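One file, upload-v4.cif, carrying mmCIF, C-alpha atoms:
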```cif
data_model
loop_
_atom_site.label_atom_id
_atom_site.label_comp_id
_atom_site.auth_asym_id
_atom_site.auth_seq_id
_atom_site.Cartn_x
_atom_site.Cartn_y
_atom_site.Cartn_z
CA MET A 1 16.31 44.31 9.71
CA THR A 2 17.34 41.52 12.09
CA SER A 3 20.93 41.44 13.34
CA LEU A 4 20.52 38.63 15.90
CA VAL A 5 22.64 35.55 15.10
CA LEU A 6 22.54 32.17 16.83
CA LEU A 7 26.01 30.60 16.70
CA VAL A 8 25.98 26.83 17.31
CA ASP A 9 29.36 25.08 17.64
CA ASP A 10 30.98 22.87 20.27
CA ASP A 11 34.40 24.52 19.79
CA ALA A 12 34.56 27.17 22.56
CA ALA A 13 37.58 28.95 21.07
CA LEU A 14 35.91 29.21 17.67
CA ARG A 15 32.66 30.50 19.21
CA HIS A 16 34.63 33.16 21.09
CA ALA A 17 36.48 34.27 17.95
CA TRP A 18 33.35 34.38 15.78
CA ARG A 19 31.36 36.13 18.51
CA ARG A 20 33.97 38.91 18.66
CA LEU A 21 34.05 39.16 14.87
CA LEU A 22 30.26 39.42 14.52
CA LYS A 23 29.80 41.83 17.41
CA GLY A 24 32.52 44.00 15.93
CA VAL A 25 30.39 44.65 12.83
CA GLY A 26 27.11 45.21 14.66
CA TYR A 27 25.54 41.77 15.03
CA GLU A 28 23.96 40.58 18.26
CA VAL A 29 25.12 37.05 19.07
CA LEU A 30 23.68 34.14 21.02
CA ASP A 31 25.92 31.07 21.19
CA ALA A 32 25.32 27.43 22.07
CA PRO A 33 27.75 24.51 22.48
CA ASP A 34 25.22 21.75 21.79
CA ALA A 35 21.84 20.96 20.22
CA PRO A 36 19.67 21.18 23.39
CA THR A 37 20.99 24.65 24.27
CA ALA A 38 20.63 25.80 20.67
CA ARG A 39 17.03 24.58 20.62
CA GLN A 40 16.16 26.50 23.80
CA LEU A 41 17.79 29.73 22.62
CA PHE A 42 16.17 29.52 19.19
CA HIS A 43 12.65 29.21 20.59
CA ALA A 44 13.18 31.77 23.36
CA HIS A 45 14.37 34.54 21.02
CA PRO A 46 13.33 35.89 17.60
CA VAL A 47 16.24 34.25 15.80
CA ARG A 48 16.25 34.41 11.99
CA LEU A 49 19.99 33.96 11.29
CA VAL A 50 21.84 30.80 12.38
CA LEU A 51 25.46 29.64 11.99
CA LEU A 52 25.20 25.89 12.54
CA ASP A 53 27.99 23.34 12.93
CA LEU A 54 26.98 19.84 11.79
CA MET A 55 28.93 17.83 14.37
CA LEU A 56 27.18 18.58 17.66
CA PRO A 57 27.19 16.80 21.01
CA PRO A 58 25.92 14.60 22.41
CA GLU A 59 25.70 12.56 19.16
CA ASN A 60 28.70 14.17 17.38
CA THR A 61 27.41 13.05 14.00
CA PRO A 62 26.29 15.04 10.92
CA GLU A 63 22.76 13.81 11.59
CA ALA A 64 22.62 15.92 14.79
CA GLY A 65 23.14 19.19 12.92
CA THR A 66 20.92 18.09 10.05
CA ALA A 67 18.07 17.31 12.46
CA LEU A 68 18.47 20.72 14.11
CA LEU A 69 18.36 22.39 10.68
CA GLY A 70 15.03 20.68 10.00
CA GLU A 71 13.62 21.72 13.40
CA PHE A 72 14.56 25.37 12.91
CA LEU A 73 13.08 25.57 9.42
CA SER A 74 9.92 23.76 10.50
CA ALA A 75 9.34 26.26 13.32
CA ARG A 76 10.31 29.38 11.31
CA PRO A 77 10.52 28.64 7.57
CA ASP A 78 12.03 32.06 6.77
CA THR A 79 15.12 31.39 8.95
CA LYS A 80 18.43 31.54 7.08
CA VAL A 81 20.66 28.72 8.34
CA VAL A 82 24.29 28.78 7.23
CA VAL A 83 25.85 25.36 7.83
CA VAL A 84 29.57 24.98 8.60
CA SER A 85 31.40 21.66 8.69
CA GLY A 86 34.85 20.19 8.92
CA THR A 87 34.22 18.47 5.61
CA GLY A 88 33.64 20.30 2.36
CA GLU A 89 32.15 17.46 0.34
CA ALA A 90 30.03 18.80 -2.52
CA SER A 91 27.43 16.05 -2.09
CA LEU A 92 26.93 16.98 1.56
CA ALA A 93 26.61 20.69 0.74
CA LEU A 94 24.07 19.99 -2.01
CA SER A 95 22.06 17.73 0.30
CA LEU A 96 21.86 20.42 3.00
CA VAL A 97 20.89 23.16 0.55
CA GLN A 98 18.15 20.87 -0.77
CA ARG A 99 16.92 20.49 2.83
CA GLY A 100 16.61 24.27 3.11
CA ALA A 101 20.01 25.52 4.31
CA TYR A 102 20.75 29.00 3.03
CA ASP A 103 24.45 28.27 2.40
CA PHE A 104 27.25 25.87 3.30
CA PHE A 105 30.98 26.24 3.77
CA ALA A 106 33.79 24.16 5.21
CA LYS A 107 36.02 25.04 8.13
CA PRO A 108 38.25 26.94 8.50
CA ALA A 109 36.18 29.85 7.21
CA GLU A 110 37.73 33.12 6.11
CA PRO A 111 36.25 35.99 8.18
CA GLU A 112 35.48 38.01 5.03
CA HIS A 113 33.61 35.09 3.50
CA LEU A 114 31.64 34.48 6.70
CA LEU A 115 30.57 38.12 6.92
CA THR A 116 29.65 38.25 3.24
CA VAL A 117 27.39 35.20 3.55
CA LEU A 118 25.70 36.56 6.70
CA ASP A 119 25.21 40.02 5.21
CA ARG A 120 23.62 38.46 2.12
CA ALA A 121 21.33 36.30 4.28
CA ARG A 122 20.30 39.34 6.33
CA ALA A 123 19.55 41.31 3.16
CA ARG A 124 17.43 38.41 1.90
CA LEU A 125 15.46 38.42 5.15
CA GLY A 126 14.81 42.14 4.74
CA LEU A 127 13.56 41.65 1.19
CA GLU A 128 11.26 38.80 2.19
CA ALA A 129 9.90 40.88 5.08
CA ARG A 130 9.09 43.70 2.67
CA VAL A 131 7.25 41.29 0.35
CA ARG A 132 5.21 40.01 3.32
CA GLU A 133 4.35 43.59 4.31
CA LEU A 134 3.05 44.26 0.81
CA GLU A 135 1.04 41.02 0.81
CA GLN A 136 -0.42 41.85 4.22
CA SER A 137 -1.42 45.35 3.15
CA LEU A 138 -3.19 43.84 0.16
CA ALA A 139 -4.84 41.23 2.37
CA ALA A 140 -6.27 43.90 4.64
CA ARG A 141 -8.10 45.59 1.78
CA GLU A 142 -11.75 44.65 1.38
CA ASP A 143 -11.43 44.09 -2.36
CA HIS A 144 -8.93 41.30 -1.63
CA LEU A 145 -11.89 39.20 -0.51
CA LEU A 146 -12.98 38.41 -4.04
CA GLY A 147 -15.95 36.25 -4.94
CA GLN A 148 -19.62 36.23 -5.86
CA ALA A 149 -20.67 32.75 -4.75
CA PRO A 150 -23.57 32.85 -2.24
CA ALA A 151 -21.72 30.88 0.45
CA PHE A 152 -18.71 33.19 0.22
CA LEU A 153 -20.79 36.39 0.28
CA GLU A 154 -22.64 35.14 3.33
CA ALA A 155 -19.35 34.54 5.19
CA LYS A 156 -17.99 37.94 4.12
CA GLN A 157 -21.12 39.81 5.25
CA LEU A 158 -21.09 38.04 8.60
CA ALA A 159 -17.40 38.87 9.09
CA ALA A 160 -18.06 42.52 8.30
CA ARG A 161 -20.83 42.67 10.91
CA ALA A 162 -18.66 40.84 13.45
CA ALA A 163 -15.82 43.35 12.90
CA ALA A 164 -17.90 46.20 14.29
CA ALA A 165 -18.66 44.30 17.51
CA ASP A 166 -15.62 44.07 19.77
CA ILE A 167 -16.12 40.40 20.67
CA PRO A 168 -14.14 37.23 19.80
CA VAL A 169 -14.51 35.76 16.32
CA LEU A 170 -14.02 32.07 15.47
CA LEU A 171 -13.19 31.25 11.84
CA THR A 172 -13.84 27.65 10.80
CA GLY A 173 -13.29 25.80 7.56
CA ALA A 174 -10.88 23.53 5.71
CA SER A 175 -7.18 24.38 5.40
CA GLY A 176 -6.46 26.92 2.70
CA THR A 177 -9.89 28.58 2.68
CA GLY A 178 -8.45 31.99 3.60
CA LYS A 179 -8.91 32.17 7.37
CA GLU A 180 -5.99 34.55 7.92
CA VAL A 181 -7.25 36.83 5.13
CA PHE A 182 -10.66 36.93 6.84
CA ALA A 183 -8.96 37.63 10.18
CA ARG A 184 -7.15 40.61 8.65
CA PHE A 185 -10.43 41.74 7.12
CA VAL A 186 -12.09 41.69 10.55
CA HIS A 187 -9.19 43.66 12.03
CA ALA A 188 -9.18 46.22 9.20
CA ARG A 189 -12.93 46.86 9.60
CA SER A 190 -12.76 47.18 13.40
CA ARG A 191 -12.05 50.15 15.66
CA ARG A 192 -8.61 48.58 16.24
CA ALA A 193 -7.52 48.90 12.61
CA GLU A 194 -4.68 51.33 13.40
CA ARG A 195 -3.32 49.11 16.17
CA PRO A 196 -1.19 45.92 15.83
CA PHE A 197 -2.38 42.75 14.13
CA VAL A 198 -0.36 39.85 15.60
CA THR A 199 -0.52 36.23 14.42
CA LEU A 200 0.49 32.87 15.89
CA ASN A 201 0.03 29.31 14.64
CA CYS A 202 -0.72 27.22 17.74
CA GLY A 203 -0.02 23.93 15.98
CA ALA A 204 3.62 24.61 15.08
CA ILE A 205 5.15 25.11 18.55
CA SER A 206 5.58 22.97 21.68
CA PRO A 207 3.28 23.82 24.65
CA HIS A 208 6.12 25.09 26.88
CA LEU A 209 7.42 27.46 24.23
CA LEU A 210 3.91 28.46 23.21
CA GLU A 211 3.20 29.67 26.75
CA SER A 212 6.29 31.88 26.64
CA LEU A 213 5.39 33.22 23.20
CA LEU A 214 1.82 34.06 24.21
CA PHE A 215 2.32 35.44 27.69
CA GLY A 216 6.03 36.36 27.77
CA HIS A 217 8.65 35.41 30.33
CA LYS A 218 11.01 37.00 32.82
CA LYS A 219 14.77 36.79 32.61
CA GLY A 220 15.97 33.57 34.23
CA ALA A 221 12.55 31.90 34.17
CA PHE A 222 14.08 28.89 32.38
CA THR A 223 17.31 27.88 30.67
CA GLY A 224 17.93 30.19 27.75
CA ALA A 225 15.73 33.03 29.06
CA VAL A 226 18.53 35.61 29.00
CA ALA A 227 16.22 38.63 28.85
CA ASP A 228 12.61 39.66 29.57
CA THR A 229 10.22 38.90 26.71
CA LYS A 230 6.85 40.62 26.64
CA GLY A 231 4.82 38.01 24.69
CA LEU A 232 2.29 38.31 21.87
CA PHE A 233 -0.64 39.37 24.06
CA VAL A 234 1.32 42.46 25.11
CA GLU A 235 2.54 43.06 21.53
CA ALA A 236 -1.09 43.02 20.36
CA HIS A 237 -2.25 45.44 23.10
CA GLY A 238 -4.97 47.67 21.68
CA GLY A 239 -5.17 45.55 18.52
CA THR A 240 -6.02 42.04 17.38
CA LEU A 241 -4.37 38.70 18.21
CA PHE A 242 -5.02 35.99 15.61
CA LEU A 243 -4.54 32.44 16.91
CA ASP A 244 -4.53 29.97 14.02
CA GLU A 245 -5.12 26.23 14.56
CA ILE A 246 -6.58 26.88 18.01
CA GLY A 247 -7.81 23.28 18.13
CA ASP A 248 -4.19 22.13 18.65
CA LEU A 249 -3.86 24.06 21.93
CA GLN A 250 -2.99 21.74 24.84
CA GLY A 251 -5.05 21.45 28.05
CA GLU A 252 -2.98 23.58 30.46
CA LEU A 253 -2.65 26.36 27.90
CA GLN A 254 -6.41 26.26 27.30
CA VAL A 255 -6.89 27.12 30.97
CA LYS A 256 -4.43 30.02 30.81
CA LEU A 257 -5.94 31.35 27.57
CA LEU A 258 -9.42 31.22 29.10
CA ARG A 259 -8.19 33.16 32.13
CA ALA A 260 -6.56 35.78 29.88
CA THR A 261 -9.67 36.28 27.74
CA GLU A 262 -11.95 36.55 30.78
CA SER A 263 -9.79 38.81 32.97
CA GLY A 264 -7.80 40.78 30.39
CA GLU A 265 -4.63 39.87 32.31
CA VAL A 266 -1.65 37.70 31.36
CA LEU A 267 1.00 36.30 33.69
CA PRO A 268 4.47 36.02 32.08
CA VAL A 269 6.40 32.84 32.87
CA GLY A 270 8.42 33.45 36.02
CA ALA A 271 6.55 36.65 36.93
CA SER A 272 4.69 37.30 40.18
CA ARG A 273 2.34 40.01 38.89
CA PRO A 274 -0.01 39.88 35.89
CA VAL A 275 0.05 42.40 33.05
CA GLN A 276 -3.17 44.11 31.93
CA VAL A 277 -3.91 43.85 28.19
CA ASP A 278 -6.65 44.99 25.83
CA VAL A 279 -6.78 42.52 22.94
CA ARG A 280 -9.47 41.47 20.46
CA LEU A 281 -9.12 37.72 19.88
CA VAL A 282 -9.74 36.11 16.49
CA SER A 283 -9.11 32.37 16.33
CA ALA A 284 -9.30 29.80 13.56
CA THR A 285 -9.34 26.03 13.14
CA HIS A 286 -9.95 23.39 10.51
CA GLN A 287 -10.92 20.90 13.23
CA PRO A 288 -14.53 20.37 14.43
CA LEU A 289 -14.29 21.94 17.90
CA PRO A 290 -17.68 20.56 19.10
CA GLU A 291 -16.32 17.05 18.52
CA LEU A 292 -13.13 17.91 20.42
CA VAL A 293 -15.29 19.23 23.27
CA ALA A 294 -17.33 16.02 23.30
CA ASP A 295 -14.09 13.97 23.42
CA LYS A 296 -12.79 16.11 26.33
CA ARG A 297 -9.87 17.36 24.22
CA PHE A 298 -11.02 20.99 24.21
CA ARG A 299 -12.55 22.90 27.10
CA GLU A 300 -16.23 23.66 26.59
CA ASP A 301 -16.00 26.99 28.46
CA LEU A 302 -13.11 28.12 26.25
CA TYR A 303 -15.01 27.04 23.12
CA TRP A 304 -17.99 29.22 24.02
CA ARG A 305 -15.65 32.07 24.96
CA LEU A 306 -13.91 31.98 21.56
CA ARG A 307 -17.14 31.49 19.62
CA GLY A 308 -18.50 34.99 20.09
CA ILE A 309 -19.39 34.97 16.39
CA GLU A 310 -18.52 31.96 14.25
CA VAL A 311 -17.82 32.50 10.56
CA ALA A 312 -17.72 29.29 8.51
CA LEU A 313 -15.63 29.63 5.34
CA PRO A 314 -16.66 27.57 2.29
CA ARG A 315 -14.27 25.34 0.37
CA LEU A 316 -13.27 26.56 -3.08
CA ALA A 317 -15.28 23.70 -4.63
CA GLU A 318 -18.36 25.18 -2.92
CA ARG A 319 -17.90 28.54 -4.68
CA PRO A 320 -19.23 28.07 -8.22
CA GLY A 321 -18.09 30.77 -10.62
CA ASP A 322 -15.34 32.15 -8.34
CA VAL A 323 -12.40 30.04 -9.53
CA GLY A 324 -11.74 31.96 -12.74
CA LEU A 325 -11.99 35.33 -10.97
CA LEU A 326 -9.61 34.24 -8.22
CA ALA A 327 -7.20 32.61 -10.69
CA ARG A 328 -6.82 35.91 -12.60
CA HIS A 329 -6.35 37.74 -9.30
CA PHE A 330 -3.58 35.37 -8.16
CA LEU A 331 -1.98 35.44 -11.61
CA HIS A 332 -1.78 39.23 -11.43
CA HIS A 333 -0.15 39.20 -7.99
CA ALA A 334 2.25 36.40 -8.96
CA ARG A 335 4.10 38.97 -11.05
CA ALA A 336 5.65 40.28 -7.82
CA LEU A 337 7.59 36.98 -7.71
CA VAL A 338 8.42 37.00 -11.43
CA PRO A 339 8.58 40.76 -12.17
CA GLN A 340 10.11 40.33 -15.63
CA ALA A 341 7.19 38.20 -16.85
CA ALA A 342 4.39 39.66 -18.95
CA LEU A 343 0.86 39.23 -17.60
CA PRO A 344 -0.86 36.54 -19.70
CA THR A 345 -4.56 35.81 -19.93
CA LEU A 346 -6.17 32.43 -19.21
CA ALA A 347 -7.07 30.44 -22.30
CA PRO A 348 -10.70 29.18 -22.33
CA ALA A 349 -9.50 25.57 -22.14
CA THR A 350 -7.40 26.50 -19.09
CA VAL A 351 -10.40 28.05 -17.35
CA ARG A 352 -12.37 24.84 -17.98
CA CYS A 353 -9.58 22.82 -16.33
CA LEU A 354 -9.59 25.13 -13.32
CA GLU A 355 -13.34 25.10 -12.89
CA THR A 356 -13.73 21.31 -13.09
CA TYR A 357 -10.96 20.55 -10.57
CA GLU A 358 -11.89 19.76 -6.94
CA TRP A 359 -9.16 21.95 -5.31
CA PRO A 360 -8.40 19.91 -2.16
CA GLY A 361 -5.90 22.62 -1.15
CA ASN A 362 -8.47 25.40 -1.71
CA LEU A 363 -7.22 28.98 -2.20
CA ARG A 364 -3.66 28.13 -1.17
CA GLU A 365 -3.42 25.51 -3.92
CA LEU A 366 -4.92 27.85 -6.53
CA ARG A 367 -2.48 30.64 -5.62
CA HIS A 368 0.53 28.32 -5.95
CA GLU A 369 -0.86 26.90 -9.19
CA MET A 370 -1.04 30.37 -10.72
CA GLN A 371 2.52 31.17 -9.65
CA ARG A 372 3.67 27.98 -11.32
CA ALA A 373 1.63 28.65 -14.46
CA LEU A 374 3.08 32.15 -14.85
CA VAL A 375 6.60 30.73 -14.85
CA LEU A 376 5.75 27.91 -17.26
CA ALA A 377 3.95 30.25 -19.66
CA GLY A 378 7.39 31.73 -20.34
CA GLY A 379 6.18 35.09 -21.68
CA ARG A 380 3.35 33.73 -23.85
CA ALA A 381 0.17 35.78 -24.14
CA GLU A 382 -1.96 32.96 -22.71
CA VAL A 383 -1.71 30.38 -19.94
CA LEU A 384 -2.46 27.06 -21.64
CA PRO A 385 -3.59 23.76 -20.08
CA GLU A 386 -0.05 22.42 -20.58
CA ASP A 387 1.17 25.04 -18.05
CA LEU A 388 -0.97 23.48 -15.30
CA SER A 389 -0.07 20.64 -12.95
CA PRO A 390 -0.81 17.10 -14.22
CA ALA A 391 -3.73 16.70 -11.77
CA LEU A 392 -5.48 19.71 -13.32
CA ARG A 393 -4.71 18.69 -16.89
CA ARG A 394 -6.47 15.39 -16.27
CA THR A 395 -9.71 17.33 -15.84
CA GLN A 396 -9.40 18.75 -19.37
CA ALA A 397 -12.40 17.93 -21.59
CA PRO A 398 -11.76 15.47 -24.45
CA ALA A 399 -12.64 18.24 -26.95
CA ASP A 400 -9.50 20.09 -25.93
CA ALA A 401 -7.36 17.12 -26.91
CA ALA A 402 -8.35 17.15 -30.57
CA SER A 403 -4.74 17.43 -31.63
CA GLY A 404 -4.15 13.88 -30.38
CA PRO A 405 -1.65 12.44 -27.88
CA LEU A 406 1.81 13.93 -27.49
CA THR A 407 4.73 12.36 -29.28
CA LEU A 408 7.60 10.90 -27.23
CA GLU A 409 9.75 13.93 -28.09
CA GLN A 410 7.01 16.36 -27.00
CA THR A 411 6.54 14.45 -23.74
CA ILE A 412 10.29 14.57 -22.99
CA GLU A 413 10.39 18.31 -23.77
CA ARG A 414 7.45 18.98 -21.43
CA LEU A 415 8.97 16.93 -18.59
CA GLU A 416 12.32 18.68 -19.00
CA ARG A 417 10.63 22.09 -18.85
CA GLU A 418 8.74 21.09 -15.69
CA GLU A 419 11.95 19.85 -14.01
CA LEU A 420 13.77 23.08 -14.89
CA THR A 421 10.94 25.16 -13.48
CA ARG A 422 10.69 23.07 -10.31
CA ALA A 423 14.43 23.29 -9.63
CA LEU A 424 14.50 27.05 -10.18
CA ALA A 425 11.51 27.51 -7.88
CA GLU A 426 13.01 25.34 -5.12
CA CYS A 427 16.29 27.29 -5.35
CA ALA A 428 14.47 30.66 -5.28
CA GLY A 429 15.74 31.53 -8.76
CA ASN A 430 19.43 30.91 -7.92
CA ARG A 431 20.70 29.47 -11.21
CA SER A 432 23.97 28.13 -9.80
CA HIS A 433 22.15 26.13 -7.10
CA ALA A 434 19.52 24.96 -9.61
CA ALA A 435 22.26 23.80 -11.99
CA GLU A 436 23.91 21.79 -9.18
CA LYS A 437 20.54 20.32 -8.22
CA LEU A 438 19.98 19.13 -11.81
CA GLY A 439 23.56 17.94 -12.36
CA LEU A 440 24.21 20.58 -15.04
CA SER A 441 26.81 23.25 -15.57
CA ARG A 442 25.54 26.80 -15.12
CA GLN A 443 25.89 27.45 -18.84
CA GLY A 444 24.10 24.18 -19.62
CA LEU A 445 21.19 25.32 -17.48
CA LEU A 446 21.11 28.73 -19.20
CA ASN A 447 21.05 27.05 -22.62
CA LYS A 448 18.11 24.85 -21.63
CA MET A 449 16.27 27.82 -20.11
CA ALA A 450 16.70 29.74 -23.36
CA ARG A 451 15.42 26.79 -25.41
CA HIS A 452 12.29 26.53 -23.26
CA GLY A 453 11.71 30.28 -23.11
CA LEU A 454 12.29 30.47 -19.35
CA ARG A 455 13.61 33.77 -18.02
#
```
Take the structure I supplied and represent it as structure tokens, if you would.
Amino acid sequence: MTSLVLLVDDDAALRHAWRRLLKGVGYEVLDAPDAPTARQLFHAHPVRLVLLDLMLPPENTPEAGTALLGEFLSARPDTKVVVVSGTGEASLALSLVQRGAYDFFAKPAEPEHLLTVLDRARARLGLEARVRELEQSLAAREDHLLGQAPAFLEAKQLAARAAAADIPVLLTGASGTGKEVFARFVHARSRRAERPFVTLNCGAISPHLLESLLFGHKKGAFTGAVADTKGLFVEAHGGTLFLDEIGDLQGELQVKLLRATESGEVLPVGASRPVQVDVRLVSATHQPLPELVADKRFREDLYWRLRGIEVALPRLAERPGDVGLLARHFLHHARALVPQAALPTLAPATVRCLETYEWPGNLRELRHEMQRALVLAGGRAEVLPEDLSPALRRTQAPADAASGPLTLEQTIERLEREELTRALAECAGNRSHAAEKLGLSRQGLLNKMARHGLR
């Protein structure tokens, strides 16, 4: 469980006091007096806990801290950012929590309260990490690649044959088609299955930081490099490195990646000697790499190096007959997020809605839709069309609407139920935060949840 905290505040005396407090109970602490330093430290270290003051130089406005909050969560969405401010306005606190802050409190903060909030955030990180481990172990199993459509079976068979050959694999297809699941499948079927599987999204990080993440850096190589970092190539030694959105890789990094794949050596930033690595590379993109090559935006030699075996993944709309099977699978696994819910079946009318929808978000959209439907079903034995998003309900056949249009009262009830569910989901089930978000008292929220059968 992580114990590394990034403390961001322009008050040197306060940073010193909080650093001593946190180190005294076992936390490791990095501290920054301004936004640029905080940004460098955050990207140079595996920070997941942040204490962030809103008023930061050089701007010294709440917008400076709010912008930094957004940057941190964009780069690492699981980061728990606790915001501190000289003002304790409820509207400001609610706004920041809605933007993704884990918690908010006003200065001066009681030491006991500060430690309680951080300990709770660290425990939440540990729980989320455990959930990801369980999801990843399921993803690595062959039976997780469900489907009977010809295009899907062709991709699966090709991936299985590619796994046995220790050469690069390129996964192509639209966003949400399951490229990371296929990458894990290739790793699990390879001779490297017992070694690390390491992932990186190349489109979410700046080129300078991406170089450090991939190849590592030496202490002092740049501002904020306070210790040696080995990099993901070294972490994946003996195993598989999965580079998602490889089409977003910038020109200079393309050269360095090509050199690493050809020589089996990586040169950490600031180092004078390369490090030998043994890594199987699996990459993925939703972009047409041949077009990027033709436009001189992607190196042709790197493209051919990555494309040892290309596996093209079909969109969900190109997999006739698979939607119902996958929907039941995702519905079953959604119970991990709502453990108190019974496992309902899919009503025939619901299956028709699912099968006639185009699914622009592919598997990712279907998985989220089933999580939402399980919550909205509220313990019923069946998931009904009314539990689906409006876009899916519009695909419902006229025969399913024999009961006629909804009354005004029924429409209001349905909208209220959807708003309750959305607020609870956005607040990760925290009823107090959801009540604040909806402008209700906690008891008022509980009463409405009971009326709608929400647990």
message = Given the PyMOL selection byres ((chain A and resi 67) around 12) and the file above, list the residues it selects as a PyMOL selection string.
response = chain A and resi 35-36+39+52-56+59+61-66+68-74+96+99-101
Residue subset to file, keeping C-alpha atoms, as a short mmCIF file (atom, residue, chain, number, x, y, z; two decimals), in the frame of the given file:
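Final output, saved to out09.cif:
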```cif
data_model
loop_
_atom_site.label_atom_id
_atom_site.label_comp_id
_atom_site.auth_asym_id
_atom_site.auth_seq_id
_atom_site.Cartn_x
_atom_site.Cartn_y
_atom_site.Cartn_z
CA ALA A 35 21.84 20.96 20.22
CA PRO A 36 19.67 21.18 23.39
CA ARG A 39 17.03 24.58 20.62
CA LEU A 52 25.20 25.89 12.54
CA ASP A 53 27.99 23.34 12.93
CA LEU A 54 26.98 19.84 11.79
CA MET A 55 28.93 17.83 14.37
CA LEU A 56 27.18 18.58 17.66
CA GLU A 59 25.70 12.56 19.16
CA THR A 61 27.41 13.05 14.00
CA PRO A 62 26.29 15.04 10.92
CA GLU A 63 22.76 13.81 11.59
CA ALA A 64 22.62 15.92 14.79
CA GLY A 65 23.14 19.19 12.92
CA THR A 66 20.92 18.09 10.05
CA LEU A 68 18.47 20.72 14.11
CA LEU A 69 18.36 22.39 10.68
CA GLY A 70 15.03 20.68 10.00
CA GLU A 71 13.62 21.72 13.40
CA PHE A 72 14.56 25.37 12.91
CA LEU A 73 13.08 25.57 9.42
CA SER A 74 9.92 23.76 10.50
CA LEU A 96 21.86 20.42 3.00
CA ARG A 99 16.92 20.49 2.83
CA GLY A 100 16.61 24.27 3.11
CA ALA A 101 20.01 25.52 4.31
#
```
message = I need the residue nearest A:Gly178 from this list: A:Leu253, A:Val269, A:Leu258, A:Leu316. Use all atoms listed in the file for the distance.
response =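 Nearest to A:Gly178: A:Leu316.
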task = Could you jot down the atom CA of A:Pro33 to atom CA of A:Asp103 separation for me, Å, one decimal place?
result = 20.7 Å
Point-to-point distance from atom CA of A:Gln254 to atom CA of A:Thr177, Å rounded to tenths =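 A separation of 25.0 Å between them.
Of the listed residues A:Leu7, A:Arg319, A:Ala121, A:Asp228, the one whose atoms come nearest to A:Arg20 is A:Leu7, with distances taken using all atoms listed in the file.
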inquiry  = One number please: atom CA of A:Ala17 to atom CA of A:Val97, in Å, one decimal.
reply    =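 Computing the Euclidean distance for atom CA of A:Ala17 and atom CA of A:Val97 yields 25.9 Å.
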Counting all atoms listed in the file, which residues of stretch 293-400 of chain A fall within 12 Å of stretch 160-164 of chain A, and what is the closest atom pair for each with its distance in Å at one decimal, ordered by chain and rising number, as a tab-separated table?
```
residue	atom	partner	partner_atom	distance
A:Arg307	CA	A:Ala162	CA	11.3
A:Gly308	CA	A:Ala162	CA	8.9
A:Ile309	CA	A:Ala162	CA	6.6
A:Glu310	CA	A:Ala162	CA	8.9
A:Val311	CA	A:Ala162	CA	8.9
```
request  = With the file shown as input, list the residues that the PyMOL selection byres ((chain A and resi 45-47) around 9) selects, as a list in words.
outcome  = Thr2, Ser3, Leu4, Val5, Leu6, Gln40, Leu41, Phe42, His43, Ala44, Arg48, Leu49, Val50, Arg76, Thr79, Gly224, Ala225 and Thr229 of chain A
message = Going by the chain IDs and residue numbers used in this file, which residues fall under the PyMOL selection byres ((chain A and resi 256) around 12)? Write them as a list in words.
response =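 When the PyMOL selection byres ((chain A and resi 256) around 12) is applied to the shown file, the picked residues are Pro207, Leu210, Glu211, Ser212, Leu214, Phe215, Leu249, Gln250, Gly251, Glu252, Leu253, Gln254, Val255, Leu257, Leu258, Arg259, Ala260, Thr261, Glu262, Ser263, Gly264, Glu265, Val266, Leu267, Pro268, Val269, Pro274, Arg299 and Leu302 of chain A.
With only C-alpha atoms as the basis for measurement, A:Tyr102 is the residue among A:Tyr102, A:Ala12, A:Val293, A:Gly321 that approaches A:Glu426 most closely.
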Protein/DNA/RNA residues near (-19.2, 31.4, 10.9), cut 9 Å, only C-alpha atoms, as a CSV table (one decimal) with C-alpha atoms, in the frame of the given file:
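Generated output (out.csv):
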```csv
chain,number,residue,atom,x,y,z
A,155,ALA,CA,-19.4,34.5,5.2
A,158,LEU,CA,-21.1,38.0,8.6
A,159,ALA,CA,-17.4,38.9,9.1
A,169,VAL,CA,-14.5,35.8,16.3
A,170,LEU,CA,-14.0,32.1,15.5
A,171,LEU,CA,-13.2,31.2,11.8
A,172,THR,CA,-13.8,27.6,10.8
A,173,GLY,CA,-13.3,25.8,7.6
A,307,ARG,CA,-17.1,31.5,19.6
A,309,ILE,CA,-19.4,35.0,16.4
A,310,GLU,CA,-18.5,32.0,14.2
A,311,VAL,CA,-17.8,32.5,10.6
A,312,ALA,CA,-17.7,29.3,8.5
A,313,LEU,CA,-15.6,29.6,5.3
```
key: Ref. answer, residues at most 12 Å from (15.2, 20.7, -9.6) with all atoms listed in the file, as an NGL selection string   = :A and (94 or 97-98 or 415-440 or 445)
message = Could you check the closest approach to A:Leu200 for each of A:Val282, A:Ala129, A:Leu145, A:Val25 and tell me which residue wins, using all atoms listed in the file?
response =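 Going through A:Val282, A:Ala129, A:Leu145, A:Val25 one by one, the smallest distance to A:Leu200 is for A:Val282.
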message = Using only C-alpha atoms for the distances, tell me which of A:Leu213, A:Leu343, A:Ala149, A:Cys202 is nearest to A:Ile246.
response =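 With only C-alpha atoms as the atom set, the closest residue is A:Cys202.
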query = With all atoms listed in the file as the basis for distance, which of A:Leu114, A:Ala174, A:Val81, A:Ala193 is at the shortest distance from A:Trp18?
reply =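 That would be A:Leu114, the residue with the smallest distance to A:Trp18.
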